[in-house]
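Chemist: Contents are PDB, N, CA, C and O atoms; file name coords07.pdb:
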MODEL        1
ATOM      1  N   MET A  16      15.349   2.963  -1.413  1.00  0.00           N
ATOM      2  CA  MET A  16      14.017   2.405  -1.475  1.00  0.00           C
ATOM      3  C   MET A  16      13.607   1.979  -0.064  1.00  0.00           C
ATOM      4  O   MET A  16      14.318   1.261   0.611  1.00  0.00           O
ATOM      5  N   VAL A  17      12.454   2.404   0.359  1.00  0.00           N
ATOM      6  CA  VAL A  17      11.986   2.155   1.720  1.00  0.00           C
ATOM      7  C   VAL A  17      11.760   0.671   1.972  1.00  0.00           C
ATOM      8  O   VAL A  17      12.094   0.152   3.024  1.00  0.00           O
ATOM      9  N   ILE A  18      11.204  -0.050   1.023  1.00  0.00           N
ATOM     10  CA  ILE A  18      10.870  -1.460   1.240  1.00  0.00           C
ATOM     11  C   ILE A  18      12.116  -2.291   1.502  1.00  0.00           C
ATOM     12  O   ILE A  18      12.076  -3.250   2.250  1.00  0.00           O
ATOM     13  N   ALA A  19      13.239  -1.923   0.909  1.00  0.00           N
ATOM     14  CA  ALA A  19      14.456  -2.693   1.041  1.00  0.00           C
ATOM     15  C   ALA A  19      15.124  -2.533   2.404  1.00  0.00           C
ATOM     16  O   ALA A  19      15.924  -3.371   2.799  1.00  0.00           O
ATOM     17  N   LYS A  20      14.798  -1.493   3.132  1.00  0.00           N
ATOM     18  CA  LYS A  20      15.428  -1.262   4.420  1.00  0.00           C
ATOM     19  C   LYS A  20      14.839  -2.187   5.479  1.00  0.00           C
ATOM     20  O   LYS A  20      13.640  -2.214   5.702  1.00  0.00           O
ATOM     21  N   ALA A  21      15.695  -2.934   6.138  1.00  0.00           N
ATOM     22  CA  ALA A  21      15.238  -3.861   7.178  1.00  0.00           C
ATOM     23  C   ALA A  21      14.722  -3.113   8.401  1.00  0.00           C
ATOM     24  O   ALA A  21      13.878  -3.615   9.129  1.00  0.00           O
ATOM     25  N   SER A  22      15.215  -1.899   8.623  1.00  0.00           N
ATOM     26  CA  SER A  22      14.831  -1.149   9.812  1.00  0.00           C
ATOM     27  C   SER A  22      13.663  -0.200   9.574  1.00  0.00           C
ATOM     28  O   SER A  22      13.289   0.546  10.469  1.00  0.00           O
ATOM     29  N   ALA A  23      13.088  -0.221   8.391  1.00  0.00           N
ATOM     30  CA  ALA A  23      11.988   0.692   8.084  1.00  0.00           C
ATOM     31  C   ALA A  23      10.754   0.322   8.901  1.00  0.00           C
ATOM     32  O   ALA A  23      10.407  -0.841   9.019  1.00  0.00           O
ATOM     33  N   PRO A  24      10.091   1.317   9.482  1.00  0.00           N
ATOM     34  CA  PRO A  24       8.868   1.045  10.228  1.00  0.00           C
ATOM     35  C   PRO A  24       7.798   0.438   9.313  1.00  0.00           C
ATOM     36  O   PRO A  24       7.728   0.754   8.125  1.00  0.00           O
ATOM     37  N   ALA A  25       6.985  -0.420   9.873  1.00  0.00           N
ATOM     38  CA  ALA A  25       5.964  -1.129   9.099  1.00  0.00           C
ATOM     39  C   ALA A  25       5.018  -0.174   8.383  1.00  0.00           C
ATOM     40  O   ALA A  25       4.590  -0.449   7.256  1.00  0.00           O
ATOM     41  N   VAL A  26       4.700   0.950   9.003  1.00  0.00           N
ATOM     42  CA  VAL A  26       3.787   1.912   8.378  1.00  0.00           C
ATOM     43  C   VAL A  26       4.400   2.459   7.088  1.00  0.00           C
ATOM     44  O   VAL A  26       3.712   2.579   6.072  1.00  0.00           O
ATOM     45  N   GLN A  27       5.671   2.771   7.107  1.00  0.00           N
ATOM     46  CA  GLN A  27       6.329   3.296   5.917  1.00  0.00           C
ATOM     47  C   GLN A  27       6.391   2.244   4.816  1.00  0.00           C
ATOM     48  O   GLN A  27       6.229   2.558   3.636  1.00  0.00           O
ATOM     49  N   VAL A  28       6.619   1.007   5.199  1.00  0.00           N
ATOM     50  CA  VAL A  28       6.666  -0.080   4.217  1.00  0.00           C
ATOM     51  C   VAL A  28       5.294  -0.248   3.576  1.00  0.00           C
ATOM     52  O   VAL A  28       5.186  -0.384   2.355  1.00  0.00           O
ATOM     53  N   THR A  29       4.244  -0.203   4.384  1.00  0.00           N
ATOM     54  CA  THR A  29       2.891  -0.336   3.851  1.00  0.00           C
ATOM     55  C   THR A  29       2.575   0.812   2.904  1.00  0.00           C
ATOM     56  O   THR A  29       2.021   0.596   1.820  1.00  0.00           O
ATOM     57  N   ARG A  30       2.921   2.033   3.283  1.00  0.00           N
ATOM     58  CA  ARG A  30       2.686   3.191   2.413  1.00  0.00           C
ATOM     59  C   ARG A  30       3.421   3.031   1.089  1.00  0.00           C
ATOM     60  O   ARG A  30       2.885   3.343   0.021  1.00  0.00           O
ATOM     61  N   ALA A  31       4.649   2.561   1.142  1.00  0.00           N
ATOM     62  CA  ALA A  31       5.432   2.378  -0.079  1.00  0.00           C
ATOM     63  C   ALA A  31       4.803   1.308  -0.971  1.00  0.00           C
ATOM     64  O   ALA A  31       4.723   1.479  -2.190  1.00  0.00           O
ATOM     65  N   LYS A  32       4.331   0.230  -0.371  1.00  0.00           N
ATOM     66  CA  LYS A  32       3.680  -0.823  -1.146  1.00  0.00           C
ATOM     67  C   LYS A  32       2.403  -0.305  -1.800  1.00  0.00           C
ATOM     68  O   LYS A  32       2.126  -0.608  -2.966  1.00  0.00           O
ATOM     69  N   ILE A  33       1.628   0.487  -1.060  1.00  0.00           N
ATOM     70  CA  ILE A  33       0.409   1.081  -1.620  1.00  0.00           C
ATOM     71  C   ILE A  33       0.770   1.950  -2.822  1.00  0.00           C
ATOM     72  O   ILE A  33       0.135   1.857  -3.875  1.00  0.00           O
ATOM     73  N   ALA A  34       1.776   2.782  -2.674  1.00  0.00           N
ATOM     74  CA  ALA A  34       2.175   3.683  -3.757  1.00  0.00           C
ATOM     75  C   ALA A  34       2.637   2.902  -4.985  1.00  0.00           C
ATOM     76  O   ALA A  34       2.265   3.233  -6.115  1.00  0.00           O
ATOM     77  N   LEU A  35       3.419   1.863  -4.769  1.00  0.00           N
ATOM     78  CA  LEU A  35       3.916   1.075  -5.897  1.00  0.00           C
ATOM     79  C   LEU A  35       2.781   0.357  -6.621  1.00  0.00           C
ATOM     80  O   LEU A  35       2.738   0.332  -7.851  1.00  0.00           O
ATOM     81  N   LEU A  36       1.872  -0.221  -5.867  1.00  0.00           N
ATOM     82  CA  LEU A  36       0.747  -0.928  -6.483  1.00  0.00           C
ATOM     83  C   LEU A  36      -0.195   0.047  -7.186  1.00  0.00           C
ATOM     84  O   LEU A  36      -0.696  -0.239  -8.277  1.00  0.00           O
ATOM     85  N   ALA A  37      -0.435   1.193  -6.592  1.00  0.00           N
ATOM     86  CA  ALA A  37      -1.300   2.194  -7.215  1.00  0.00           C
ATOM     87  C   ALA A  37      -0.672   2.708  -8.504  1.00  0.00           C
ATOM     88  O   ALA A  37      -1.375   2.991  -9.477  1.00  0.00           O
ATOM     89  N   ASN A  38       0.633   2.813  -8.527  1.00  0.00           N
ATOM     90  CA  ASN A  38       1.342   3.254  -9.721  1.00  0.00           C
ATOM     91  C   ASN A  38       1.170   2.258 -10.873  1.00  0.00           C
ATOM     92  O   ASN A  38       1.256   2.634 -12.036  1.00  0.00           O
ATOM     93  N   GLU A  39       0.923   1.003 -10.544  1.00  0.00           N
ATOM     94  CA  GLU A  39       0.697  -0.029 -11.559  1.00  0.00           C
ATOM     95  C   GLU A  39      -0.771  -0.074 -11.993  1.00  0.00           C
ATOM     96  O   GLU A  39      -1.187  -0.999 -12.676  1.00  0.00           O
ATOM     97  N   LEU A  40      -1.553   0.926 -11.556  1.00  0.00           N
ATOM     98  CA  LEU A  40      -2.965   1.063 -11.905  1.00  0.00           C
ATOM     99  C   LEU A  40      -3.824  -0.103 -11.409  1.00  0.00           C
ATOM    100  O   LEU A  40      -4.801  -0.483 -12.047  1.00  0.00           O
ATOM    101  N   ILE A  41      -3.450  -0.659 -10.268  1.00  0.00           N
ATOM    102  CA  ILE A  41      -4.243  -1.708  -9.632  1.00  0.00           C
ATOM    103  C   ILE A  41      -5.364  -1.038  -8.858  1.00  0.00           C
ATOM    104  O   ILE A  41      -5.162  -0.002  -8.213  1.00  0.00           O
ATOM    105  N   ARG A  42      -6.569  -1.596  -8.929  1.00  0.00           N
ATOM    106  CA  ARG A  42      -7.719  -1.010  -8.239  1.00  0.00           C
ATOM    107  C   ARG A  42      -7.467  -0.960  -6.736  1.00  0.00           C
ATOM    108  O   ARG A  42      -6.823  -1.841  -6.168  1.00  0.00           O
ATOM    109  N   LEU A  43      -7.986   0.094  -6.115  1.00  0.00           N
ATOM    110  CA  LEU A  43      -7.758   0.321  -4.684  1.00  0.00           C
ATOM    111  C   LEU A  43      -8.249  -0.845  -3.841  1.00  0.00           C
ATOM    112  O   LEU A  43      -7.586  -1.250  -2.888  1.00  0.00           O
ATOM    113  N   LYS A  44      -9.404  -1.394  -4.165  1.00  0.00           N
ATOM    114  CA  LYS A  44      -9.912  -2.508  -3.362  1.00  0.00           C
ATOM    115  C   LYS A  44      -9.031  -3.747  -3.519  1.00  0.00           C
ATOM    116  O   LYS A  44      -8.896  -4.527  -2.582  1.00  0.00           O
ATOM    117  N   ASP A  45      -8.391  -3.913  -4.671  1.00  0.00           N
ATOM    118  CA  ASP A  45      -7.475  -5.034  -4.860  1.00  0.00           C
ATOM    119  C   ASP A  45      -6.179  -4.824  -4.075  1.00  0.00           C
ATOM    120  O   ASP A  45      -5.599  -5.781  -3.552  1.00  0.00           O
ATOM    121  N   ILE A  46      -5.739  -3.579  -3.994  1.00  0.00           N
ATOM    122  CA  ILE A  46      -4.558  -3.263  -3.175  1.00  0.00           C
ATOM    123  C   ILE A  46      -4.864  -3.567  -1.710  1.00  0.00           C
ATOM    124  O   ILE A  46      -4.053  -4.184  -1.013  1.00  0.00           O
ATOM    125  N   ALA A  47      -6.036  -3.133  -1.249  1.00  0.00           N
ATOM    126  CA  ALA A  47      -6.429  -3.380   0.144  1.00  0.00           C
ATOM    127  C   ALA A  47      -6.466  -4.868   0.431  1.00  0.00           C
ATOM    128  O   ALA A  47      -5.981  -5.325   1.470  1.00  0.00           O
ATOM    129  N   TRP A  48      -7.028  -5.637  -0.493  1.00  0.00           N
ATOM    130  CA  TRP A  48      -7.117  -7.084  -0.297  1.00  0.00           C
ATOM    131  C   TRP A  48      -5.731  -7.710  -0.279  1.00  0.00           C
ATOM    132  O   TRP A  48      -5.425  -8.531   0.578  1.00  0.00           O
ATOM    133  N   GLU A  49      -4.876  -7.301  -1.213  1.00  0.00           N
ATOM    134  CA  GLU A  49      -3.527  -7.857  -1.327  1.00  0.00           C
ATOM    135  C   GLU A  49      -2.697  -7.592  -0.063  1.00  0.00           C
ATOM    136  O   GLU A  49      -1.956  -8.458   0.391  1.00  0.00           O
ATOM    137  N   LEU A  50      -2.837  -6.396   0.494  1.00  0.00           N
ATOM    138  CA  LEU A  50      -2.045  -6.027   1.670  1.00  0.00           C
ATOM    139  C   LEU A  50      -2.766  -6.318   2.990  1.00  0.00           C
ATOM    140  O   LEU A  50      -2.207  -6.058   4.053  1.00  0.00           O
ATOM    141  N   ASP A  51      -4.000  -6.809   2.899  1.00  0.00           N
ATOM    142  CA  ASP A  51      -4.813  -7.126   4.073  1.00  0.00           C
ATOM    143  C   ASP A  51      -4.998  -5.902   4.974  1.00  0.00           C
ATOM    144  O   ASP A  51      -4.758  -5.951   6.180  1.00  0.00           O
ATOM    145  N   ILE A  52      -5.391  -4.799   4.334  1.00  0.00           N
ATOM    146  CA  ILE A  52      -5.679  -3.558   5.044  1.00  0.00           C
ATOM    147  C   ILE A  52      -7.018  -3.023   4.552  1.00  0.00           C
ATOM    148  O   ILE A  52      -7.567  -3.530   3.576  1.00  0.00           O
ATOM    149  N   SER A  53      -7.522  -1.999   5.195  1.00  0.00           N
ATOM    150  CA  SER A  53      -8.841  -1.471   4.838  1.00  0.00           C
ATOM    151  C   SER A  53      -8.784  -0.625   3.567  1.00  0.00           C
ATOM    152  O   SER A  53      -7.742  -0.067   3.214  1.00  0.00           O
ATOM    153  N   ASN A  54      -9.934  -0.547   2.906  1.00  0.00           N
ATOM    154  CA  ASN A  54     -10.050   0.324   1.723  1.00  0.00           C
ATOM    155  C   ASN A  54      -9.788   1.773   2.117  1.00  0.00           C
ATOM    156  O   ASN A  54      -9.202   2.523   1.342  1.00  0.00           O
ATOM    157  N   PHE A  55     -10.215   2.153   3.312  1.00  0.00           N
ATOM    158  CA  PHE A  55     -10.009   3.519   3.788  1.00  0.00           C
ATOM    159  C   PHE A  55      -8.508   3.844   3.852  1.00  0.00           C
ATOM    160  O   PHE A  55      -8.082   4.914   3.435  1.00  0.00           O
ATOM    161  N   THR A  56      -7.728   2.919   4.396  1.00  0.00           N
ATOM    162  CA  THR A  56      -6.283   3.148   4.517  1.00  0.00           C
ATOM    163  C   THR A  56      -5.663   3.323   3.145  1.00  0.00           C
ATOM    164  O   THR A  56      -4.832   4.227   2.943  1.00  0.00           O
ATOM    165  N   VAL A  57      -6.044   2.490   2.204  1.00  0.00           N
ATOM    166  CA  VAL A  57      -5.486   2.603   0.848  1.00  0.00           C
ATOM    167  C   VAL A  57      -5.873   3.941   0.234  1.00  0.00           C
ATOM    168  O   VAL A  57      -5.017   4.662  -0.292  1.00  0.00           O
ATOM    169  N   SER A  58      -7.143   4.298   0.317  1.00  0.00           N
ATOM    170  CA  SER A  58      -7.581   5.554  -0.303  1.00  0.00           C
ATOM    171  C   SER A  58      -6.945   6.765   0.378  1.00  0.00           C
ATOM    172  O   SER A  58      -6.673   7.772  -0.279  1.00  0.00           O
ATOM    173  N   LYS A  59      -6.680   6.654   1.665  1.00  0.00           N
ATOM    174  CA  LYS A  59      -6.029   7.755   2.389  1.00  0.00           C
ATOM    175  C   LYS A  59      -4.626   8.002   1.851  1.00  0.00           C
ATOM    176  O   LYS A  59      -4.199   9.150   1.711  1.00  0.00           O
ATOM    177  N   TRP A  60      -3.890   6.971   1.521  1.00  0.00           N
ATOM    178  CA  TRP A  60      -2.500   7.120   1.090  1.00  0.00           C
ATOM    179  C   TRP A  60      -2.345   7.281  -0.407  1.00  0.00           C
ATOM    180  O   TRP A  60      -1.286   7.668  -0.871  1.00  0.00           O
ATOM    181  N   VAL A  61      -3.396   6.978  -1.160  1.00  0.00           N
ATOM    182  CA  VAL A  61      -3.322   7.203  -2.616  1.00  0.00           C
ATOM    183  C   VAL A  61      -3.732   8.618  -2.860  1.00  0.00           C
ATOM    184  O   VAL A  61      -3.229   9.478  -3.274  1.00  0.00           O
TER     185      VAL A  61
ENDMDL
END
Output the structure of this file as structure tokens.

Modeler:
Amino acid sequence: MVIAKASAPAVQVTRAKIALLANELIRLKDIAWELDISNFTVSKWV
């Protein structure tokens, strides 16, 4: 699991978090708010 690795680059951790939250059917704008990133970034990775 990428999130568990201490040496994982921040970008990979963010992508993994987006994927996990999207898998739980959380709205994209709520994912963006939760992770403090743009809606564009979330939609790009979903």

Chemist: Skipping near chain neighbours, those fewer than 6 positions away, what residues fall within 8 Å of Lys44 of chain A using only N, CA, C and O atoms, listed as a list of chain:residue names?

Modeler: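 Contacts, in chain order: A:Leu50, A:Asp51, A:Ile52, A:Ser53, A:Asn54, A:Val57, A:Ser58.
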
Chemist: To one decimal in Å, tell me the separation between atom O of Ile33 of chain A and atom N of Lys59 of chain A.

Modeler: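 Going from atom O of Ile33 of chain A over to atom N of Lys59 of chain A, I get 10.0 Å.
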
Chemist: Could you state the separation of atom N of Trp48 of chain A and atom O of Pro24 of chain A in Å, given to one decimal place?

Modeler: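 Atom-to-atom, atom N of Trp48 of chain A to atom O of Pro24 of chain A, that is 18.2 Å.
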
Chemist: Write out as a list in words all residues of chain A that DSSP puts in alpha helix (DSSP H) for this structure's backbone.

Modeler: Ala25, Val26, Gln27, Val28, Thr29, Arg30, Ala31, Lys32, Ile33, Ala34, Leu35, Leu36, Ala37, Asn38, Leu43, Lys44, Asp45, Ile46, Ala47, Trp48, Glu49, Leu50, Asn54, Phe55, Thr56, Val57, Ser58, Lys59 and Trp60 of chain A

Chemist: One decimal, in Å: what's the spacing between atom C of Leu43 of chain A and atom N of Ala25 of chain A?

Modeler: 20.5 Å

Chemist: Within 12 Å of Leu35 of chain A, counting only C-alpha atoms, which residues show up once you throw out same-chain ones fewer than 3 positions away? Write them as a PDB file with N, CA, C and O atoms, in the coordinates of the input, please.

Modeler:
ATOM      1  N   MET A  16      15.349   2.963  -1.413  1.00  0.00           N
ATOM      2  CA  MET A  16      14.017   2.405  -1.475  1.00  0.00           C
ATOM      3  C   MET A  16      13.607   1.979  -0.064  1.00  0.00           C
ATOM      4  O   MET A  16      14.318   1.261   0.611  1.00  0.00           O
ATOM      5  N   VAL A  17      12.454   2.404   0.359  1.00  0.00           N
ATOM      6  CA  VAL A  17      11.986   2.155   1.720  1.00  0.00           C
ATOM      7  C   VAL A  17      11.760   0.671   1.972  1.00  0.00           C
ATOM      8  O   VAL A  17      12.094   0.152   3.024  1.00  0.00           O
ATOM      9  N   ILE A  18      11.204  -0.050   1.023  1.00  0.00           N
ATOM     10  CA  ILE A  18      10.870  -1.460   1.240  1.00  0.00           C
ATOM     11  C   ILE A  18      12.116  -2.291   1.502  1.00  0.00           C
ATOM     12  O   ILE A  18      12.076  -3.250   2.250  1.00  0.00           O
ATOM     13  N   VAL A  28       6.619   1.007   5.199  1.00  0.00           N
ATOM     14  CA  VAL A  28       6.666  -0.080   4.217  1.00  0.00           C
ATOM     15  C   VAL A  28       5.294  -0.248   3.576  1.00  0.00           C
ATOM     16  O   VAL A  28       5.186  -0.384   2.355  1.00  0.00           O
ATOM     17  N   THR A  29       4.244  -0.203   4.384  1.00  0.00           N
ATOM     18  CA  THR A  29       2.891  -0.336   3.851  1.00  0.00           C
ATOM     19  C   THR A  29       2.575   0.812   2.904  1.00  0.00           C
ATOM     20  O   THR A  29       2.021   0.596   1.820  1.00  0.00           O
ATOM     21  N   ARG A  30       2.921   2.033   3.283  1.00  0.00           N
ATOM     22  CA  ARG A  30       2.686   3.191   2.413  1.00  0.00           C
ATOM     23  C   ARG A  30       3.421   3.031   1.089  1.00  0.00           C
ATOM     24  O   ARG A  30       2.885   3.343   0.021  1.00  0.00           O
ATOM     25  N   ALA A  31       4.649   2.561   1.142  1.00  0.00           N
ATOM     26  CA  ALA A  31       5.432   2.378  -0.079  1.00  0.00           C
ATOM     27  C   ALA A  31       4.803   1.308  -0.971  1.00  0.00           C
ATOM     28  O   ALA A  31       4.723   1.479  -2.190  1.00  0.00           O
ATOM     29  N   LYS A  32       4.331   0.230  -0.371  1.00  0.00           N
ATOM     30  CA  LYS A  32       3.680  -0.823  -1.146  1.00  0.00           C
ATOM     31  C   LYS A  32       2.403  -0.305  -1.800  1.00  0.00           C
ATOM     32  O   LYS A  32       2.126  -0.608  -2.966  1.00  0.00           O
ATOM     33  N   ASN A  38       0.633   2.813  -8.527  1.00  0.00           N
ATOM     34  CA  ASN A  38       1.342   3.254  -9.721  1.00  0.00           C
ATOM     35  C   ASN A  38       1.170   2.258 -10.873  1.00  0.00           C
ATOM     36  O   ASN A  38       1.256   2.634 -12.036  1.00  0.00           O
ATOM     37  N   GLU A  39       0.923   1.003 -10.544  1.00  0.00           N
ATOM     38  CA  GLU A  39       0.697  -0.029 -11.559  1.00  0.00           C
ATOM     39  C   GLU A  39      -0.771  -0.074 -11.993  1.00  0.00           C
ATOM     40  O   GLU A  39      -1.187  -0.999 -12.676  1.00  0.00           O
ATOM     41  N   LEU A  40      -1.553   0.926 -11.556  1.00  0.00           N
ATOM     42  CA  LEU A  40      -2.965   1.063 -11.905  1.00  0.00           C
ATOM     43  C   LEU A  40      -3.824  -0.103 -11.409  1.00  0.00           C
ATOM     44  O   LEU A  40      -4.801  -0.483 -12.047  1.00  0.00           O
ATOM     45  N   ILE A  41      -3.450  -0.659 -10.268  1.00  0.00           N
ATOM     46  CA  ILE A  41      -4.243  -1.708  -9.632  1.00  0.00           C
ATOM     47  C   ILE A  41      -5.364  -1.038  -8.858  1.00  0.00           C
ATOM     48  O   ILE A  41      -5.162  -0.002  -8.213  1.00  0.00           O
ATOM     49  N   LEU A  43      -7.986   0.094  -6.115  1.00  0.00           N
ATOM     50  CA  LEU A  43      -7.758   0.321  -4.684  1.00  0.00           C
ATOM     51  C   LEU A  43      -8.249  -0.845  -3.841  1.00  0.00           C
ATOM     52  O   LEU A  43      -7.586  -1.250  -2.888  1.00  0.00           O
ATOM     53  N   ILE A  46      -5.739  -3.579  -3.994  1.00  0.00           N
ATOM     54  CA  ILE A  46      -4.558  -3.263  -3.175  1.00  0.00           C
ATOM     55  C   ILE A  46      -4.864  -3.567  -1.710  1.00  0.00           C
ATOM     56  O   ILE A  46      -4.053  -4.184  -1.013  1.00  0.00           O
ATOM     57  N   LEU A  50      -2.837  -6.396   0.494  1.00  0.00           N
ATOM     58  CA  LEU A  50      -2.045  -6.027   1.670  1.00  0.00           C
ATOM     59  C   LEU A  50      -2.766  -6.318   2.990  1.00  0.00           C
ATOM     60  O   LEU A  50      -2.207  -6.058   4.053  1.00  0.00           O
ATOM     61  N   VAL A  57      -6.044   2.490   2.204  1.00  0.00           N
ATOM     62  CA  VAL A  57      -5.486   2.603   0.848  1.00  0.00           C
ATOM     63  C   VAL A  57      -5.873   3.941   0.234  1.00  0.00           C
ATOM     64  O   VAL A  57      -5.017   4.662  -0.292  1.00  0.00           O
ATOM     65  N   TRP A  60      -3.890   6.971   1.521  1.00  0.00           N
ATOM     66  CA  TRP A  60      -2.500   7.120   1.090  1.00  0.00           C
ATOM     67  C   TRP A  60      -2.345   7.281  -0.407  1.00  0.00           C
ATOM     68  O   TRP A  60      -1.286   7.668  -0.871  1.00  0.00           O
ATOM     69  N   VAL A  61      -3.396   6.978  -1.160  1.00  0.00           N
ATOM     70  CA  VAL A  61      -3.322   7.203  -2.616  1.00  0.00           C
ATOM     71  C   VAL A  61      -3.732   8.618  -2.860  1.00  0.00           C
ATOM     72  O   VAL A  61      -3.229   9.478  -3.274  1.00  0.00           O
TER      73      VAL A  61
END
